[in-house]
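Pasted below: start-v3.cif, mmCIF, C-alpha atoms and all ligand atoms.
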```cif
data_upload
#
loop_
_atom_site.label_atom_id
_atom_site.label_comp_id
_atom_site.auth_asym_id
_atom_site.auth_seq_id
_atom_site.Cartn_x
_atom_site.Cartn_y
_atom_site.Cartn_z
CA MET A 1 -13.11 20.33 40.65
CA ARG A 2 -12.09 17.06 42.28
CA LYS A 3 -8.41 16.44 41.76
CA ILE A 4 -7.13 13.17 40.31
CA SER A 5 -4.84 11.29 42.67
CA ALA A 6 -1.65 10.13 41.01
CA THR A 7 0.90 7.46 41.79
CA VAL A 8 3.53 8.92 39.43
CA ILE A 9 3.94 12.27 37.76
CA ILE A 10 6.59 12.94 35.13
CA LYS A 11 6.89 16.70 34.60
CA ASN A 12 8.79 19.41 32.74
CA ALA A 13 9.43 17.28 29.65
CA LYS A 14 10.89 19.40 26.88
CA GLN A 15 8.75 17.42 24.43
CA LEU A 16 5.95 15.10 25.48
CA VAL A 17 5.15 13.14 22.31
CA THR A 18 1.56 12.03 22.91
CA LEU A 19 0.35 10.75 19.51
CA ASN A 20 -2.96 11.67 21.03
CA ASN A 21 -5.36 13.42 18.72
CA PRO A 22 -8.99 13.38 19.82
CA GLN A 23 -10.08 14.20 16.26
CA LEU A 24 -8.24 11.25 14.83
CA ILE A 25 -9.32 7.94 16.27
CA GLY A 26 -7.66 4.81 14.95
CA PRO A 27 -4.41 4.43 13.05
CA LEU A 28 -2.98 7.60 11.52
CA GLY A 29 -2.68 7.62 7.73
CA GLY A 30 -0.96 9.92 5.25
CA GLU A 31 -0.24 13.43 6.49
CA ALA A 32 -1.68 12.61 9.90
CA MET A 33 1.33 10.33 10.45
CA SER A 34 3.33 13.51 11.09
CA GLU A 35 0.94 14.83 13.73
CA LEU A 36 2.69 13.65 16.86
CA GLY A 37 0.65 15.73 19.32
CA ILE A 38 3.75 17.19 20.97
CA ILE A 39 3.24 19.11 24.23
CA LYS A 40 6.11 21.41 25.17
CA ASN A 41 6.98 21.49 28.86
CA GLY A 42 4.65 18.53 29.19
CA ALA A 43 3.65 16.32 32.06
CA ILE A 44 1.94 12.98 32.47
CA ALA A 45 0.34 11.47 35.56
CA PHE A 46 -0.31 7.79 36.25
CA SER A 47 -2.93 6.32 38.45
CA ASP A 48 -1.45 2.93 39.21
CA THR A 49 -1.17 1.02 35.89
CA ARG A 50 -3.04 3.57 33.77
CA ILE A 51 -2.46 7.04 32.39
CA ALA A 52 -4.58 9.47 34.40
CA ALA A 53 -3.82 12.81 32.77
CA VAL A 54 -1.63 14.41 30.10
CA GLY A 55 -0.97 18.11 29.48
CA THR A 56 1.38 20.99 30.15
CA THR A 57 3.22 20.78 33.44
CA ARG A 58 1.27 23.76 34.76
CA LYS A 59 -2.08 22.21 33.88
CA ILE A 60 -1.25 18.79 35.29
CA GLN A 61 0.07 20.27 38.52
CA ASN A 62 -3.30 21.96 38.99
CA GLN A 63 -5.28 18.84 38.15
CA ILE A 64 -3.35 16.33 40.18
CA GLN A 65 -3.62 15.52 43.83
CA ILE A 66 -0.06 15.02 45.01
CA SER A 67 0.16 12.81 48.10
CA ARG A 68 3.10 11.43 50.00
CA GLN A 69 2.79 8.33 47.84
CA THR A 70 3.12 10.23 44.57
CA ARG A 71 6.47 9.73 42.87
CA ILE A 72 7.54 12.94 41.17
CA ILE A 73 10.01 12.68 38.30
CA ASP A 74 11.62 15.73 36.78
CA ALA A 75 12.18 15.20 33.04
CA ARG A 76 13.62 18.67 32.45
CA GLY A 77 15.32 18.88 29.05
CA GLN A 78 14.15 15.41 28.09
CA LEU A 79 11.91 13.65 25.64
CA VAL A 80 8.96 11.59 26.93
CA THR A 81 7.07 9.22 24.62
CA PRO A 82 4.78 6.20 24.62
CA GLY A 83 6.54 2.84 25.01
CA LEU A 84 7.37 1.50 21.56
CA VAL A 85 5.37 -1.35 20.05
CA ASP A 86 7.24 -3.92 17.94
CA CYS A 87 4.43 -5.35 15.83
CA HIS A 88 6.40 -8.05 13.95
CA SER A 89 9.10 -10.23 15.48
CA HIS A 90 10.38 -13.78 15.85
CA PRO A 91 11.92 -13.50 19.35
CA VAL A 92 11.95 -17.22 20.21
CA PHE A 93 14.59 -19.24 18.36
CA ALA A 94 17.74 -21.26 18.93
CA GLY A 95 21.13 -21.28 17.29
CA SER A 96 22.78 -18.78 15.01
CA ARG A 97 23.06 -18.38 11.26
CA ALA A 98 26.33 -16.46 11.18
CA ASN A 99 27.53 -19.05 8.63
CA GLU A 100 24.70 -18.05 6.27
CA PHE A 101 25.52 -14.39 6.80
CA GLU A 102 29.00 -15.20 5.51
CA MET A 103 27.57 -17.21 2.58
CA ARG A 104 25.47 -14.23 1.60
CA LEU A 105 28.50 -11.97 1.69
CA GLN A 106 30.13 -14.42 -0.73
CA GLY A 107 27.27 -13.97 -3.17
CA LYS A 108 24.52 -16.48 -2.29
CA SER A 109 21.05 -15.02 -1.94
CA TYR A 110 18.71 -15.53 1.06
CA MET A 111 16.33 -17.54 -1.11
CA GLU A 112 19.15 -19.69 -2.60
CA ILE A 113 20.36 -20.55 0.89
CA ALA A 114 16.78 -21.36 1.92
CA GLN A 115 16.21 -23.60 -1.10
CA ALA A 116 19.42 -25.50 -0.28
CA GLY A 117 18.05 -26.44 3.15
CA GLY A 118 19.41 -23.47 5.12
CA GLY A 119 17.44 -20.41 6.14
CA ILE A 120 14.31 -21.03 8.19
CA LYS A 121 14.95 -24.81 7.97
CA SER A 122 18.25 -24.54 9.82
CA THR A 123 16.61 -22.65 12.70
CA VAL A 124 13.81 -25.25 12.67
CA LYS A 125 16.41 -27.98 13.30
CA ALA A 126 17.83 -26.06 16.25
CA VAL A 127 14.40 -25.27 17.75
CA ARG A 128 13.18 -28.86 17.49
CA LYS A 129 16.25 -29.95 19.48
CA ALA A 130 15.97 -27.17 22.08
CA SER A 131 14.16 -27.68 25.40
CA PRO A 132 11.35 -25.32 26.41
CA LYS A 133 13.65 -23.97 29.13
CA LYS A 134 16.41 -23.20 26.63
CA LEU A 135 13.93 -21.43 24.33
CA PHE A 136 12.49 -19.50 27.27
CA ASP A 137 15.95 -18.40 28.46
CA ASN A 138 16.91 -17.31 24.93
CA GLY A 139 13.62 -15.46 24.47
CA TYR A 140 13.93 -13.76 27.85
CA LYS A 141 17.30 -12.31 26.86
CA VAL A 142 15.87 -11.10 23.56
CA LEU A 143 13.04 -9.34 25.39
CA ASP A 144 15.49 -7.76 27.86
CA GLU A 145 17.37 -6.30 24.92
CA MET A 146 14.16 -5.00 23.32
CA LEU A 147 12.94 -3.45 26.57
CA GLY A 148 16.30 -1.73 26.90
CA TRP A 149 15.57 0.01 23.61
CA GLY A 150 12.23 1.36 24.83
CA VAL A 151 9.89 -1.38 23.60
CA THR A 152 7.03 -2.27 25.96
CA THR A 153 4.89 -4.53 23.72
CA VAL A 154 6.10 -7.14 21.24
CA GLU A 155 4.27 -9.37 18.81
CA GLY A 156 6.10 -12.73 18.75
CA LYS A 157 5.68 -15.56 16.26
CA SER A 158 6.10 -19.31 16.42
CA GLY A 159 7.10 -20.90 13.11
CA TYR A 160 10.41 -22.63 13.83
CA GLY A 161 8.79 -25.86 15.04
CA LEU A 162 6.64 -26.91 12.05
CA THR A 163 5.26 -29.99 13.83
CA LEU A 164 2.22 -29.93 16.09
CA LYS A 165 4.39 -30.67 19.12
CA ASP A 166 7.10 -28.12 18.34
CA GLU A 167 4.71 -25.33 17.35
CA ILE A 168 2.83 -25.83 20.62
CA LYS A 169 6.17 -25.84 22.44
CA MET A 170 7.06 -22.47 20.91
CA LEU A 171 3.65 -20.95 21.63
CA LYS A 172 3.76 -22.10 25.25
CA VAL A 173 7.16 -20.42 25.58
CA LEU A 174 5.77 -17.19 24.08
CA ASN A 175 2.83 -17.28 26.51
CA LYS A 176 5.15 -17.95 29.45
CA LEU A 177 7.36 -15.04 28.39
CA ASN A 178 4.28 -12.85 28.33
CA ALA A 179 3.44 -13.95 31.87
CA GLN A 180 6.93 -13.63 33.31
CA HIS A 181 8.67 -10.82 31.44
CA LYS A 182 7.77 -7.16 31.93
CA ILE A 183 7.18 -6.76 28.21
CA ASP A 184 3.72 -7.71 26.94
CA VAL A 185 4.13 -10.46 24.36
CA ILE A 186 1.33 -11.05 21.85
CA PRO A 187 1.69 -14.56 20.42
CA THR A 188 1.14 -15.38 16.76
CA PHE A 189 0.86 -18.90 15.35
CA LEU A 190 3.09 -19.19 12.28
CA GLY A 191 2.98 -22.93 11.57
CA ALA A 192 2.86 -21.81 7.92
CA HIS A 193 6.33 -20.27 8.03
CA ASP A 194 7.84 -22.88 5.73
CA ILE A 195 7.16 -26.33 4.27
CA PRO A 196 9.16 -28.66 6.53
CA GLU A 197 11.78 -30.87 4.87
CA GLU A 198 9.73 -34.04 5.47
CA TYR A 199 6.78 -32.60 3.48
CA LYS A 200 8.84 -31.03 0.69
CA LYS A 201 7.28 -33.35 -1.91
CA LYS A 202 3.74 -33.17 -0.48
CA PRO A 203 3.18 -29.60 0.71
CA ASP A 204 -0.62 -29.94 0.62
CA LYS A 205 -0.35 -32.69 3.21
CA TYR A 206 1.41 -30.23 5.52
CA VAL A 207 -1.29 -27.62 4.85
CA GLY A 208 -3.78 -30.31 5.91
CA ILE A 209 -1.91 -30.81 9.19
CA ILE A 210 -1.92 -27.06 9.84
CA CYS A 211 -5.68 -26.85 9.21
CA ASP A 212 -6.83 -30.12 10.77
CA GLU A 213 -4.47 -30.49 13.71
CA MET A 214 -2.44 -27.40 14.52
CA ILE A 215 -5.04 -24.61 14.29
CA PRO A 216 -7.67 -26.52 16.30
CA ALA A 217 -5.07 -27.28 19.02
CA VAL A 218 -3.77 -23.70 19.12
CA ALA A 219 -7.32 -22.35 19.34
CA ALA A 220 -8.39 -24.86 21.98
CA GLY A 221 -5.41 -23.91 24.16
CA LYS A 222 -5.96 -20.18 23.48
CA LEU A 223 -2.26 -20.07 22.66
CA ALA A 224 -2.25 -17.36 19.96
CA LYS A 225 -4.15 -14.22 19.09
CA PHE A 226 -3.08 -14.23 15.43
CA CYS A 227 -2.45 -16.73 12.66
CA ASP A 228 0.18 -15.74 10.10
CA VAL A 229 1.26 -17.31 6.78
CA PHE A 230 4.41 -16.81 4.68
CA CYS A 231 2.64 -16.42 1.33
CA GLU A 232 5.54 -16.48 -1.11
CA LYS A 233 6.76 -18.13 -4.30
CA GLY A 234 8.28 -21.48 -3.28
CA VAL A 235 6.67 -21.38 0.17
CA PHE A 236 2.85 -21.20 0.55
CA THR A 237 0.83 -20.52 -2.60
CA PRO A 238 -2.16 -18.15 -2.52
CA LYS A 239 -4.44 -21.21 -2.69
CA GLN A 240 -2.79 -22.87 0.31
CA THR A 241 -2.71 -19.55 2.14
CA ARG A 242 -6.43 -19.14 1.55
CA ALA A 243 -7.17 -22.55 3.09
CA ILE A 244 -5.13 -21.70 6.19
CA LEU A 245 -6.68 -18.24 6.60
CA GLN A 246 -10.19 -19.66 6.23
CA THR A 247 -9.55 -22.26 8.91
CA ALA A 248 -7.91 -19.83 11.33
CA GLN A 249 -10.75 -17.37 10.89
CA ALA A 250 -13.32 -20.10 11.52
CA PHE A 251 -11.50 -20.85 14.80
CA GLY A 252 -11.77 -17.21 15.83
CA MET A 253 -8.17 -16.18 15.25
CA LYS A 254 -7.17 -12.82 13.85
CA LEU A 255 -4.99 -12.82 10.77
CA LYS A 256 -1.62 -11.54 9.60
CA LEU A 257 0.39 -12.29 6.46
CA HIS A 258 4.00 -12.19 5.32
CA ALA A 259 3.07 -10.83 1.90
CA ASP A 260 4.72 -9.67 -1.32
CA GLN A 261 8.23 -9.84 0.14
CA PHE A 262 10.32 -11.38 -2.66
CA TYR A 263 7.67 -11.72 -5.38
CA SER A 264 4.35 -10.07 -5.96
CA THR A 265 2.18 -13.12 -5.31
CA GLY A 266 -1.11 -11.51 -4.37
CA GLY A 267 -0.62 -11.74 -0.61
CA THR A 268 -1.88 -8.22 -0.01
CA GLU A 269 -4.98 -8.92 -2.09
CA LEU A 270 -5.67 -12.03 0.04
CA GLY A 271 -5.02 -10.14 3.27
CA THR A 272 -7.51 -7.45 2.36
CA GLU A 273 -10.08 -10.01 1.21
CA PHE A 274 -9.88 -11.73 4.62
CA ARG A 275 -9.72 -8.41 6.50
CA ALA A 276 -6.43 -9.40 8.11
CA THR A 277 -5.25 -7.11 10.90
CA SER A 278 -2.02 -6.47 9.01
CA VAL A 279 -0.07 -7.49 5.91
CA ASP A 280 3.69 -7.35 6.41
CA HIS A 281 6.86 -6.71 4.33
CA LEU A 282 5.17 -5.57 1.05
CA ASP A 283 8.40 -4.81 -0.78
CA LEU A 284 6.79 -5.87 -4.05
CA ILE A 285 3.23 -4.78 -3.38
CA SER A 286 1.23 -3.98 -6.53
CA ASP A 287 -0.59 -0.70 -7.16
CA GLU A 288 -3.82 -2.64 -6.86
CA GLY A 289 -2.64 -3.87 -3.45
CA ILE A 290 -2.01 -0.29 -2.29
CA HIS A 291 -5.46 0.67 -3.52
CA LEU A 292 -7.09 -2.24 -1.67
CA LEU A 293 -5.32 -1.30 1.57
CA ARG A 294 -6.79 2.17 1.28
CA LYS A 295 -10.29 0.70 0.95
CA THR A 296 -9.95 -1.60 3.97
CA ALA A 297 -8.63 -1.16 7.49
CA VAL A 298 -5.72 -3.56 6.99
CA ILE A 299 -2.46 -2.08 8.32
CA PRO A 300 0.63 -2.23 6.10
CA VAL A 301 3.61 -3.24 8.27
CA LEU A 302 7.00 -2.48 6.74
CA ILE A 303 10.28 -4.11 7.71
CA PRO A 304 13.20 -1.77 7.03
CA GLY A 305 15.56 -4.17 8.86
CA CYS A 306 15.03 -6.81 6.17
CA VAL A 307 15.30 -4.26 3.38
CA PHE A 308 18.69 -3.28 4.76
CA TRP A 309 19.98 -6.69 5.81
CA LEU A 310 18.98 -8.46 2.58
CA GLN A 311 19.81 -5.36 0.49
CA MET A 312 16.43 -5.57 -1.24
CA GLU A 313 16.66 -3.98 -4.67
CA GLU A 314 13.08 -2.77 -4.52
CA PRO A 315 12.17 -1.77 -0.98
CA ALA A 316 8.55 -1.31 -0.01
CA PRO A 317 7.20 1.90 -1.59
CA ALA A 318 6.65 3.59 1.77
CA ARG A 319 6.47 7.10 0.32
CA LYS A 320 3.89 6.09 -2.25
CA MET A 321 1.84 4.37 0.45
CA ILE A 322 1.93 7.27 2.89
CA ASP A 323 1.32 9.84 0.19
CA TYR A 324 -1.71 7.76 -0.76
CA GLY A 325 -2.98 8.09 2.80
CA LEU A 326 -2.09 4.71 4.29
CA PRO A 327 -1.27 4.23 8.00
CA VAL A 328 2.12 2.56 7.79
CA ALA A 329 3.56 0.66 10.77
CA ILE A 330 7.11 -0.63 11.29
CA GLY A 331 8.44 -3.76 13.00
CA THR A 332 11.95 -5.09 13.57
CA ASP A 333 11.12 -8.61 12.29
CA LEU A 334 13.88 -9.69 14.67
CA ASN A 335 14.95 -13.18 13.55
CA PRO A 336 18.26 -15.02 13.07
CA GLY A 337 18.13 -14.85 9.26
CA SER A 338 16.64 -11.92 7.43
CA SER A 339 16.73 -9.26 10.18
CA PRO A 340 18.93 -9.89 13.23
CA ILE A 341 17.92 -6.49 14.59
CA HIS A 342 16.66 -6.21 18.17
CA SER A 343 16.38 -2.44 18.27
CA LEU A 344 13.20 -0.74 17.12
CA PRO A 345 14.93 2.70 17.23
CA MET A 346 17.49 1.28 14.75
CA ALA A 347 14.60 0.10 12.57
CA MET A 348 13.31 3.69 12.73
CA SER A 349 16.67 4.97 11.43
CA LEU A 350 16.59 2.37 8.65
CA ALA A 351 13.02 3.39 7.75
CA CYS A 352 14.30 6.94 7.21
CA VAL A 353 17.34 5.97 5.16
CA GLU A 354 16.00 2.95 3.25
CA LEU A 355 12.30 3.79 2.92
CA LYS A 356 12.56 7.60 2.89
CA MET A 357 10.17 8.02 5.79
CA THR A 358 10.50 11.13 7.94
CA PRO A 359 11.52 10.90 11.61
CA ALA A 360 8.00 11.95 12.64
CA GLU A 361 6.44 9.22 10.48
CA THR A 362 8.69 6.59 12.05
CA TRP A 363 7.43 7.60 15.51
CA CYS A 364 3.84 7.19 14.42
CA ALA A 365 4.73 3.87 12.76
CA THR A 366 6.23 2.41 15.96
CA THR A 367 3.61 3.65 18.43
CA ILE A 368 -0.04 4.22 17.53
CA ASN A 369 0.06 2.53 14.12
CA SER A 370 1.99 -0.49 15.36
CA ALA A 371 -0.43 -0.74 18.29
CA HIS A 372 -3.26 -1.01 15.75
CA ALA A 373 -1.22 -3.57 13.80
CA VAL A 374 -1.54 -5.86 16.84
CA ASP A 375 -5.16 -4.87 17.40
CA CYS A 376 -4.37 -3.05 20.64
CA GLY A 377 -4.84 0.54 19.47
CA ASP A 378 -7.38 1.17 22.21
CA LYS A 379 -4.96 0.17 25.00
CA ILE A 380 -1.44 1.25 24.00
CA GLY A 381 0.49 3.32 21.45
CA SER A 382 -0.32 6.83 22.64
CA LEU A 383 -0.20 8.89 25.82
CA SER A 384 -3.96 9.08 26.28
CA PRO A 385 -5.86 8.98 29.57
CA GLY A 386 -7.11 5.46 30.27
CA LYS A 387 -4.41 3.69 28.29
CA LYS A 388 -1.66 1.60 29.87
CA ALA A 389 1.03 3.71 31.53
CA ASP A 390 3.79 2.46 29.19
CA VAL A 391 6.17 5.41 28.92
CA VAL A 392 9.80 6.04 27.97
CA ILE A 393 12.02 8.93 29.07
CA TRP A 394 14.85 9.53 26.59
CA ASP A 395 18.10 11.34 27.27
CA THR A 396 17.53 13.94 24.57
CA ASP A 397 15.12 16.81 23.99
CA ASP A 398 13.92 16.23 20.42
CA TYR A 399 12.09 13.24 18.89
CA ARG A 400 14.19 13.46 15.70
CA GLU A 401 17.34 12.60 17.68
CA ILE A 402 16.15 9.00 18.14
CA PRO A 403 16.29 7.85 14.50
CA TYR A 404 19.19 10.24 13.89
CA TRP A 405 21.77 8.77 16.31
CA PHE A 406 21.85 5.39 14.58
CA GLY A 407 22.68 2.59 16.99
CA LYS A 408 23.03 4.84 20.05
CA ASN A 409 20.67 3.91 22.81
CA LEU A 410 19.19 7.08 24.29
CA VAL A 411 16.66 5.35 26.55
CA GLN A 412 16.93 6.63 30.07
CA ARG A 413 13.97 5.19 31.97
CA VAL A 414 11.13 2.86 31.01
CA PHE A 415 7.77 2.62 32.79
CA LYS A 416 5.68 -0.46 32.11
CA ASP A 417 2.11 -0.59 33.42
CA GLY A 418 2.91 2.42 35.58
CA TYR A 419 6.03 1.06 37.26
CA GLU A 420 9.68 1.71 36.44
CA VAL A 421 11.45 -1.35 35.05
O1 LIG B 1 9.96 -12.30 8.23
N1 LIG B 1 9.98 -14.06 5.59
C1 LIG B 1 9.88 -15.03 6.32
N2 LIG B 1 10.19 -15.11 7.59
C2 LIG B 1 11.11 -14.30 8.24
C3 LIG B 1 12.49 -14.82 8.10
C4 LIG B 1 12.77 -15.83 9.12
C5 LIG B 1 14.11 -16.44 9.01
O2 LIG B 1 14.87 -16.24 8.04
O3 LIG B 1 14.40 -17.18 9.94
C6 LIG B 1 10.94 -12.87 7.82
O4 LIG B 1 11.76 -12.31 7.09
FE FE B 2 8.78 -12.16 9.78
#
```
Can the structure from this file be put into structure tokens for me?
Amino acid sequence: MRKISATVIIKNAKQLVTLNNPQLIGPLGGEAMSELGIIKNGAIAFSDTRIAAVGTTRKIQNQIQISRQTRIIDARGQLVTPGLVDCHSHPVFAGSRANEFEMRLQGKSYMEIAQAGGGIKSTVKAVRKASPKKLFDNGYKVLDEMLGWGVTTVEGKSGYGLTLKDEIKMLKVLNKLNAQHKIDVIPTFLGAHDIPEEYKKKPDKYVGIICDEMIPAVAAGKLAKFCDVFCEKGVFTPKQTRAILQTAQAFGMKLKLHADQFYSTGGTELGTEFRATSVDHLDLISDEGIHLLRKTAVIPVLIPGCVFWLQMEEPAPARKMIDYGLPVAIGTDLNPGSSPIHSLPMAMSLACVELKMTPAETWCATTINSAHAVDCGDKIGSLSPGKKADVVIWDTDDYREIPYWFGKNLVQRVFKDGYEV
């Protein structure tokens, strides 16, 4: 047998969490979310930027051609996993909303603050004023923090510009971050994040601008893979959402939705009708919505950070969804208002405590399922030969320790595209 030549081999891992199950292709739903494909005393070999082989240390040592160029890493007593995928975030913004945090502690709700001109609108003011360089520098620091927590791919949204010029400015920053930062950034156009102040009295006019000016420009510049809409009472109605989704789809964009977060407005139903890649938040999803998700391949993305930070009375029914067989994913939703949480491992802890998910399920939800939530399940999210060599070594020997030690960063080494970063 010809041996595979390797650039890197990580061996002797106490647990190699592969999420690799040849019988189960695609996102993992229901009970399969607990099947992490753990190899004890595991090893993984890279061939340049790709994973070449995965197995027990003994097997890999037999399969791999070790040359003088091969870097050998001993992960004795440690946990080795795929790089985490944050499938929902707003990493480019300016300013801070610490004042609103204080207002909320004094009894005002997130939606009350938003309706009084704060919330998303206050970040919009700051982003419109900020230069592209300032936004890039801010975003770069955010990505550094995320990478430090073991995240190797991030979905990042625009949505704090809300004019053609400022949305394009944000998307260009997201694309530049993708090019210059080690993390892969997948840009999403979220011009429909809020009705800007100047269109408060004529929201349909703003929807027209999104459809007639923004989406064509974003598509022409190939600036975003996804188009997202905040479909919510007081923000975009299902009818307006439908118009935006139709246009984005016609321009070849894939779809996402902020759906059923504060009210059950039928966002999930719309997302499934349009075969969106994911529908996100879902705290107030209806039973019909859960049923429709089961019938389609739309991924439910849950945001435990928001549930915690906004103290949602009715958090997304994660247990009901998983017990019904759905492939749940988790994102941080990092943003300066509803979820100022950079750390995906902390979101995993919150998913356990707030949404009653098991530690194993949170691993699945932040690797293979979140990879599918950004339509990259064939390239990342599991330790499978041929996929990107995005790998994390953790300073612990059991996957449950990661959500358990809330707020403690156990990341030891991160490999992105086969190289240590
Ligand atoms: O995902 N729900 C809408 N958008 C964000 C909040 C953004 C903000 O408050 O700045 C979210 O929660
Ligand atoms: Fe969000």
(message) Just want the residues within 7 Å of ligand FE 2 (chain B), written as an MDAnalysis selection string, counting only C-alpha atoms and all ligand atoms.
(response) chainID A and resid 88:90 258 333
(message) For stretch 12-26 of chain A, find every residue with an atom within 7 Å (counting all atoms listed in the file), except residues of its own chain fewer than 3 positions away, and show them as a VMD selection string.
(response) chain A and resid 36 to 43 57 74 to 82 368 377 382 to 384 397 to 398
(message) Within 9 Å of (-0.9, 9.2, 45.9) (file coordinates; all atoms listed in the file), which protein or nucleic acid residues are there? I'd like them as a ChimeraX atom specification.
(response) /A:5-8,47,65-71
Report the centre and edge lengths, in Å to one decimal, of an axis-aligned box enclosing every atom of stretch 207-215 of chain A listed in the file, padded by 4 Å on each side, as lines of an AutoDock Vina configuration file.
```
center_x = -4.1
center_y = -27.7
center_z = 9.7
size_x = 13.5
size_y = 14.2
size_z = 17.7
```
(request) Give as an MDAnalysis selection string every residue, naming chains and numbers as the document does, that has an atom within 12 Å of (1.3, -20.7, 16.6), counting all atoms listed in the file. (result) chainID A and resid 90 92 155:175 186:193 210:211 213:229 248 253:256
(request) Could you tell me how far atom CA of A:Tyr199 lies from atom CA of A:Phe251, in Å and to one decimal? (result) 24.5 Å
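The space between atom CA of A:His281 and atom CA of A:Thr296 spans 17.6 Å.
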(message) Within 9 Å of ligand LIG 1 (chain B) (counting only C-alpha atoms and all ligand atoms), which residues show up? I'd like them as a VMD selection string.
(response) chain A and resid 88 to 90 93 97 110 114 119 to 124 159 to 160 193 to 194 229 to 232 258 to 259 261 to 262 280 to 281 303 306 333 to 339
Keeping only C-alpha atoms, write the selected residues as a compact mmCIF listing (two decimals), in the frame of the given file.
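Ended up saving to selection-v9.txt:
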```txt
# COMPACT_ATOMS: atom_id res chain seq x y z
CA HIS A 88 6.40 -8.05 13.95
CA SER A 89 9.10 -10.23 15.48
CA HIS A 90 10.38 -13.78 15.85
CA PHE A 93 14.59 -19.24 18.36
CA ARG A 97 23.06 -18.38 11.26
CA TYR A 110 18.71 -15.53 1.06
CA ALA A 114 16.78 -21.36 1.92
CA GLY A 119 17.44 -20.41 6.14
CA ILE A 120 14.31 -21.03 8.19
CA LYS A 121 14.95 -24.81 7.97
CA SER A 122 18.25 -24.54 9.82
CA THR A 123 16.61 -22.65 12.70
CA VAL A 124 13.81 -25.25 12.67
CA GLY A 159 7.10 -20.90 13.11
CA TYR A 160 10.41 -22.63 13.83
CA HIS A 193 6.33 -20.27 8.03
CA ASP A 194 7.84 -22.88 5.73
CA VAL A 229 1.26 -17.31 6.78
CA PHE A 230 4.41 -16.81 4.68
CA CYS A 231 2.64 -16.42 1.33
CA GLU A 232 5.54 -16.48 -1.11
CA HIS A 258 4.00 -12.19 5.32
CA ALA A 259 3.07 -10.83 1.90
CA GLN A 261 8.23 -9.84 0.14
CA PHE A 262 10.32 -11.38 -2.66
CA ASP A 280 3.69 -7.35 6.41
CA HIS A 281 6.86 -6.71 4.33
CA ILE A 303 10.28 -4.11 7.71
CA CYS A 306 15.03 -6.81 6.17
CA ASP A 333 11.12 -8.61 12.29
CA LEU A 334 13.88 -9.69 14.67
CA ASN A 335 14.95 -13.18 13.55
CA PRO A 336 18.26 -15.02 13.07
CA GLY A 337 18.13 -14.85 9.26
CA SER A 338 16.64 -11.92 7.43
CA SER A 339 16.73 -9.26 10.18
```
(message) Let me make sure I understand: among A:Thr268, A:Thr332, A:Ser109, A:Ser349, which one has the smallest atom-to-atom distance to A:Thr362 if we use only C-alpha atoms?
(response) A:Ser349
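Those residues that approach A:Trp405 to within 12 Å, counting all atoms listed in the file, are A:Pro345, A:Met346, A:Ala347, A:Met348, A:Ser349, A:Leu350, A:Cys352, A:Pro359, A:Asp395, A:Thr396, A:Asp398, A:Tyr399, A:Val411; same-chain residues fewer than 6 positions away are not listed.
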Produce a file of the selected residues containing C-alpha atoms, as a compact mmCIF listing (two decimals), keeping the file's coordinate frame.
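Result file is result_18.txt:
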```txt
# COMPACT_ATOMS: atom_id res chain seq x y z
CA PRO A 345 14.93 2.70 17.23
CA MET A 346 17.49 1.28 14.75
CA ALA A 347 14.60 0.10 12.57
CA MET A 348 13.31 3.69 12.73
CA SER A 349 16.67 4.97 11.43
CA LEU A 350 16.59 2.37 8.65
CA CYS A 352 14.30 6.94 7.21
CA PRO A 359 11.52 10.90 11.61
CA ASP A 395 18.10 11.34 27.27
CA THR A 396 17.53 13.94 24.57
CA ASP A 398 13.92 16.23 20.42
CA TYR A 399 12.09 13.24 18.89
CA VAL A 411 16.66 5.35 26.55
```
(request) Would you kindly return, as a ChimeraX atom specification, each protein, DNA or RNA residue with an atom no farther than 12 Å from any atom of A:Asp260, considering all atoms listed in the file and excluding same-chain residues fewer than 2 positions away? (result) /A:229-233,235-238,257-258,262-271,279-287,289-290,300-303,314-317
For the residues in that selection, give me C-alpha atoms as a compact mmCIF listing (two decimals), in the frame of the given file.
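Listing of out.txt after writing:
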```
# COMPACT_ATOMS: atom_id res chain seq x y z
CA VAL A 229 1.26 -17.31 6.78
CA PHE A 230 4.41 -16.81 4.68
CA CYS A 231 2.64 -16.42 1.33
CA GLU A 232 5.54 -16.48 -1.11
CA LYS A 233 6.76 -18.13 -4.30
CA VAL A 235 6.67 -21.38 0.17
CA PHE A 236 2.85 -21.20 0.55
CA THR A 237 0.83 -20.52 -2.60
CA PRO A 238 -2.16 -18.15 -2.52
CA LEU A 257 0.39 -12.29 6.46
CA HIS A 258 4.00 -12.19 5.32
CA PHE A 262 10.32 -11.38 -2.66
CA TYR A 263 7.67 -11.72 -5.38
CA SER A 264 4.35 -10.07 -5.96
CA THR A 265 2.18 -13.12 -5.31
CA GLY A 266 -1.11 -11.51 -4.37
CA GLY A 267 -0.62 -11.74 -0.61
CA THR A 268 -1.88 -8.22 -0.01
CA GLU A 269 -4.98 -8.92 -2.09
CA LEU A 270 -5.67 -12.03 0.04
CA GLY A 271 -5.02 -10.14 3.27
CA VAL A 279 -0.07 -7.49 5.91
CA ASP A 280 3.69 -7.35 6.41
CA HIS A 281 6.86 -6.71 4.33
CA LEU A 282 5.17 -5.57 1.05
CA ASP A 283 8.40 -4.81 -0.78
CA LEU A 284 6.79 -5.87 -4.05
CA ILE A 285 3.23 -4.78 -3.38
CA SER A 286 1.23 -3.98 -6.53
CA ASP A 287 -0.59 -0.70 -7.16
CA GLY A 289 -2.64 -3.87 -3.45
CA ILE A 290 -2.01 -0.29 -2.29
CA PRO A 300 0.63 -2.23 6.10
CA VAL A 301 3.61 -3.24 8.27
CA LEU A 302 7.00 -2.48 6.74
CA ILE A 303 10.28 -4.11 7.71
CA GLU A 314 13.08 -2.77 -4.52
CA PRO A 315 12.17 -1.77 -0.98
CA ALA A 316 8.55 -1.31 -0.01
CA PRO A 317 7.20 1.90 -1.59
```
